[in-house]
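Report on the structure given below.
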Amino acid sequence: RISSEALSCAAPLVWLARLVMGPPAHLKPKHKGKAVLAGGLSGAIEICITYPIEYTKTFQQLSTQKISVGGVIQDTWQSKGIFGFYRGLSSMLWFATPKAAIRFGAFEWFSGLLVDENGGDRFGLGKAQGFVAGLGAGAMEGIFVTTPQETIKVKLIHDQFLTKNPKYNGFFHGVYTIAKNEGLAQLYRGVLPTILKVSTAQATRFGVFNAIPKEWRATPMGAAGCGALAGGVSVLAFQGIDVIKSRMQGLEAHKYSGAMDCMYQILRDEGISGLYRGVTPRLTRVCCEVAITMSMYGEVVKLLNRVWHTD
């Protein structure tokens, strides 16, 4: 079984798997359906609040020229107004529920494989159990949900970034147009860096969190702080993978023959700093993401307990 403290750290990675870890033990619902619903609602609230930071990060990563956070904000505000910062948000919201189910189920399944029938450590992994289970769960999420979701999000943002008259009129029109003109296979453009990004981020966050002394994670605020630290480590360690993923899923993806070619072109034309484009807003979003999810999840659970009696 996974401890409630260990589950608290999933917060930085994806809103719905984190949900299992966010609240104090007395607020963690025993009913998995309620856990998924609570995570979905708190995750939706979180992404609506923090999405402008995600937009800014992706905008910077797609730009082959240096552009500051202030430059992104000014350009978007002048050309699209406040709603321009929410371009691509729908792709995050529509995939929330399946992402929650796969992440939550996969982590539990992989965790079960690592223990014996008595709950003991089957392979002697110790604290690395969270890292290994997170690696597997992240890979499953990347394959089945995150790759098409990220492709749609990046294309919607890139469409606004490159053109004065965007060709995609929202989420459903974007999916239809991409599938019609480029084929469904294009939704899996950049699948390798996406899997690497999600699996390494999930594994790092679980691993770092579990390595932190338990007494530091004893309170909700402590767990939130430890989760933010774990998320920050994963961002700094694997930011380059996120940049490669964004470039390969953008409207100029045809320039790259694969992930290695994309990395080579970035290093050749932009230097090592090119792999760290958007790192500031991404790091900011991870920290905000954890704090909001940790605080919102417990409140959503309490609200659900009033109207949905399962225990």
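By order of appearance in the structure tokens: chains A, B, ..., then residues from 1 within every chain, and ligands from 1 in the order shown.
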- prompt: So which residues touch Leu187 in chain A within 10 Å, counting only C-alpha atoms, skipping near sequence neighbours fewer than 6 positions away, as a list in words?
  reply: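 Contacts, in chain order: Thr147, Pro148, Gln149, Glu150, Thr151, Ile152, Lys155, Val175, Ile178, Ala179 and Gln249 of chain A.
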I need the residues from that last selection saved to file as an mmCIF file, in the first residue's frame (with C-alpha atoms), if you can.
data_model
loop_
_atom_site.group_PDB
_atom_site.id
_atom_site.type_symbol
_atom_site.label_atom_id
_atom_site.label_comp_id
_atom_site.auth_asym_id
_atom_site.auth_seq_id
_atom_site.Cartn_x
_atom_site.Cartn_y
_atom_site.Cartn_z
ATOM 1 C CA THR A 147 0.806 13.142 -26.348
ATOM 2 C CA PRO A 148 -2.422 13.947 -28.249
ATOM 3 C CA GLN A 149 -3.397 16.509 -25.604
ATOM 4 C CA GLU A 150 -0.066 18.329 -25.802
ATOM 5 C CA THR A 151 -0.043 18.198 -29.612
ATOM 6 C CA ILE A 152 -3.417 19.919 -29.760
ATOM 7 C CA LYS A 155 -0.715 23.634 -32.251
ATOM 8 C CA VAL A 175 -8.864 18.319 -33.717
ATOM 9 C CA ILE A 178 -5.582 18.337 -37.838
ATOM 10 C CA ALA A 179 -7.086 14.876 -38.366
ATOM 11 C CA GLN A 249 4.372 19.270 -31.860
#
field: Shell around range 132-138 of chain A at 9 Å using only C-alpha atoms, local window under 3 positions removed, as number ranges by chain
entry: A: 10, 13, 102-114, 125, 128-129, 141-143, 195-207
Would you export the selected residues with C-alpha atoms as a short mmCIF file (atom, residue, chain, number, x, y, z; two decimals), in the first residue's frame, please?
data_model
loop_
_atom_site.label_atom_id
_atom_site.label_comp_id
_atom_site.auth_asym_id
_atom_site.auth_seq_id
_atom_site.Cartn_x
_atom_site.Cartn_y
_atom_site.Cartn_z
CA ALA A 10 2.05 13.60 -7.12
CA LEU A 13 2.91 16.30 -12.17
CA ILE A 102 -4.89 6.40 -16.37
CA ARG A 103 -2.44 8.12 -14.04
CA PHE A 104 -4.22 7.05 -10.87
CA GLY A 105 -4.85 3.48 -12.03
CA ALA A 106 -1.38 2.99 -13.53
CA PHE A 107 0.44 4.22 -10.43
CA GLU A 108 -1.61 1.90 -8.20
CA TRP A 109 -1.04 -1.01 -10.58
CA PHE A 110 2.72 -0.52 -10.85
CA SER A 111 2.96 0.00 -7.10
CA GLY A 112 1.15 -3.31 -6.59
CA LEU A 113 3.68 -5.09 -8.77
CA LEU A 114 6.52 -3.89 -6.55
CA LEU A 125 13.85 -0.99 -3.97
CA ALA A 128 12.98 4.01 -5.07
CA GLN A 129 9.59 2.27 -5.26
CA GLU A 141 -0.13 8.59 -19.36
CA GLY A 142 2.24 9.88 -22.02
CA ILE A 143 1.21 7.17 -24.49
CA ILE A 195 6.78 9.95 -22.85
CA LEU A 196 10.27 10.86 -21.64
CA LYS A 197 9.02 14.15 -20.25
CA VAL A 198 6.05 12.72 -18.37
CA SER A 199 7.70 9.55 -17.10
CA THR A 200 10.92 11.23 -15.92
CA ALA A 201 9.01 14.09 -14.31
CA GLN A 202 6.65 11.73 -12.50
CA ALA A 203 9.48 9.44 -11.40
CA THR A 204 11.65 12.34 -10.19
CA ARG A 205 8.85 13.93 -8.22
CA PHE A 206 7.86 10.71 -6.50
CA GLY A 207 11.50 9.80 -5.90
#
Pick from A:Tyr264, A:Tyr188, A:Phe161, A:Trp94, whichever lies nearest to Tyr55 in chain A using only C-alpha atoms: A:Phe161
- request: Figure out the distance between CA of Arg189 in chain A and CA of Val69 in chain A, please, to one decimal in Å.
  value: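 That distance, rounded to one decimal, is 26.9 Å.
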query: Would you give me, as a VMD selection string, the residues in range 39-96 of chain A that DSSP reads as alpha helix (DSSP H)?
result: chain A and resid 39 to 62 69 to 80 89 to 94 96
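Distance check against Pro166 in chain A using only C-alpha atoms: of A:Asp261, A:Ser79, A:Arg268, A:Val307, the minimum falls on A:Ser79.
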task: Please identify all polymer residues within 7 Å of Lys245 in chain A, counting only C-alpha atoms, omitting same-chain residues fewer than 4 positions from it, and present them as a ChimeraX atom specification.
output: /A:190,193-194,241,249
- prompt: In Å, with one decimal, what is the gap from CA of Tyr276 in chain A to CA of Gly232 in chain A?
  reply: 13.6 Å
message: Between A:Leu62, A:Met92, A:Ala237, A:Ala218, which residue has the minimum interatomic distance to His158 in chain A, considering only C-alpha atoms?
response: A:Leu62
Near-Phe171 in chain A list (9 Å; only C-alpha atoms; drop same-chain fewer than 4 positions) as number ranges by chain: A: 88-91, 94, 152-153, 156, 175-176
Take the residues that were just selected and, keeping all heavy atoms, output them as a compact mmCIF listing (two decimals), in the first residue's frame.
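out03.txt was written with the following content:
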# COMPACT_ATOMS: atom_id res chain seq x y z
N GLY A 88 -5.78 27.25 -26.21
CA GLY A 88 -5.33 25.89 -25.97
C GLY A 88 -5.78 25.32 -24.64
O GLY A 88 -5.53 24.14 -24.35
N LEU A 89 -6.45 26.12 -23.82
CA LEU A 89 -6.91 25.64 -22.51
C LEU A 89 -7.85 24.44 -22.64
O LEU A 89 -7.80 23.50 -21.84
CB LEU A 89 -7.62 26.78 -21.76
CG LEU A 89 -8.35 26.38 -20.47
CD1 LEU A 89 -7.36 25.89 -19.42
CD2 LEU A 89 -9.17 27.55 -19.93
N SER A 90 -8.73 24.48 -23.63
CA SER A 90 -9.73 23.43 -23.78
C SER A 90 -9.09 22.05 -23.91
O SER A 90 -9.65 21.05 -23.46
CB SER A 90 -10.65 23.72 -24.96
OG SER A 90 -9.89 23.95 -26.14
N SER A 91 -7.92 21.98 -24.56
CA SER A 91 -7.26 20.69 -24.71
C SER A 91 -6.86 20.11 -23.37
O SER A 91 -6.84 18.89 -23.18
CB SER A 91 -6.02 20.82 -25.61
OG SER A 91 -5.02 21.60 -24.99
N TRP A 94 -10.47 19.00 -21.56
CA TRP A 94 -11.16 17.84 -22.12
C TRP A 94 -10.45 16.53 -21.81
O TRP A 94 -11.08 15.47 -21.75
CB TRP A 94 -11.32 17.99 -23.64
CG TRP A 94 -12.42 18.90 -24.04
CD1 TRP A 94 -12.31 20.15 -24.57
CD2 TRP A 94 -13.83 18.66 -23.92
NE1 TRP A 94 -13.55 20.71 -24.79
CE2 TRP A 94 -14.49 19.80 -24.40
CE3 TRP A 94 -14.59 17.60 -23.44
CZ2 TRP A 94 -15.89 19.91 -24.42
CZ3 TRP A 94 -15.99 17.70 -23.47
CH2 TRP A 94 -16.61 18.84 -23.95
N ILE A 152 -2.32 18.99 -29.49
CA ILE A 152 -3.42 19.92 -29.76
C ILE A 152 -3.16 21.26 -29.10
O ILE A 152 -3.32 22.33 -29.71
CB ILE A 152 -4.75 19.32 -29.28
CG1 ILE A 152 -5.09 18.06 -30.09
CG2 ILE A 152 -5.88 20.35 -29.41
CD1 ILE A 152 -6.19 17.23 -29.48
N LYS A 153 -2.74 21.23 -27.83
CA LYS A 153 -2.47 22.48 -27.11
C LYS A 153 -1.40 23.31 -27.80
O LYS A 153 -1.56 24.51 -28.03
CB LYS A 153 -2.04 22.16 -25.68
CG LYS A 153 -1.75 23.39 -24.82
CD LYS A 153 -0.83 23.07 -23.66
CE LYS A 153 0.61 22.87 -24.11
NZ LYS A 153 1.56 22.65 -22.99
N LEU A 156 -2.56 24.80 -31.15
CA LEU A 156 -3.48 25.92 -30.97
C LEU A 156 -2.72 27.19 -30.57
O LEU A 156 -3.03 28.29 -31.05
CB LEU A 156 -4.52 25.58 -29.90
CG LEU A 156 -5.59 24.55 -30.29
CD1 LEU A 156 -6.47 24.21 -29.09
CD2 LEU A 156 -6.45 25.06 -31.43
N VAL A 175 -9.03 19.77 -33.60
CA VAL A 175 -8.86 18.32 -33.72
C VAL A 175 -9.34 17.84 -35.08
O VAL A 175 -8.66 17.04 -35.75
CB VAL A 175 -9.64 17.59 -32.60
CG1 VAL A 175 -9.60 16.08 -32.83
CG2 VAL A 175 -9.07 17.93 -31.24
N TYR A 176 -10.49 18.34 -35.52
CA TYR A 176 -11.05 17.93 -36.82
C TYR A 176 -10.13 18.33 -37.96
O TYR A 176 -9.86 17.53 -38.88
CB TYR A 176 -12.43 18.58 -37.00
CG TYR A 176 -13.01 18.38 -38.38
CD1 TYR A 176 -13.59 17.17 -38.75
CD2 TYR A 176 -12.97 19.42 -39.33
CE1 TYR A 176 -14.12 16.99 -40.02
CE2 TYR A 176 -13.49 19.24 -40.60
CZ TYR A 176 -14.06 18.02 -40.94
OH TYR A 176 -14.58 17.84 -42.20
field: CA of Gly250 in chain A to CA of Leu267 in chain A, straight-line distance in Å
entry: 17.9 Å
task: Would you please work out which residue, of A:Ile49, A:Val301, A:Val286, A:Val243, is nearest to Gly274 in chain A when using only C-alpha atoms?
output: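 Checking each candidate against Gly274 in chain A, we get A:Val243 as the closest.
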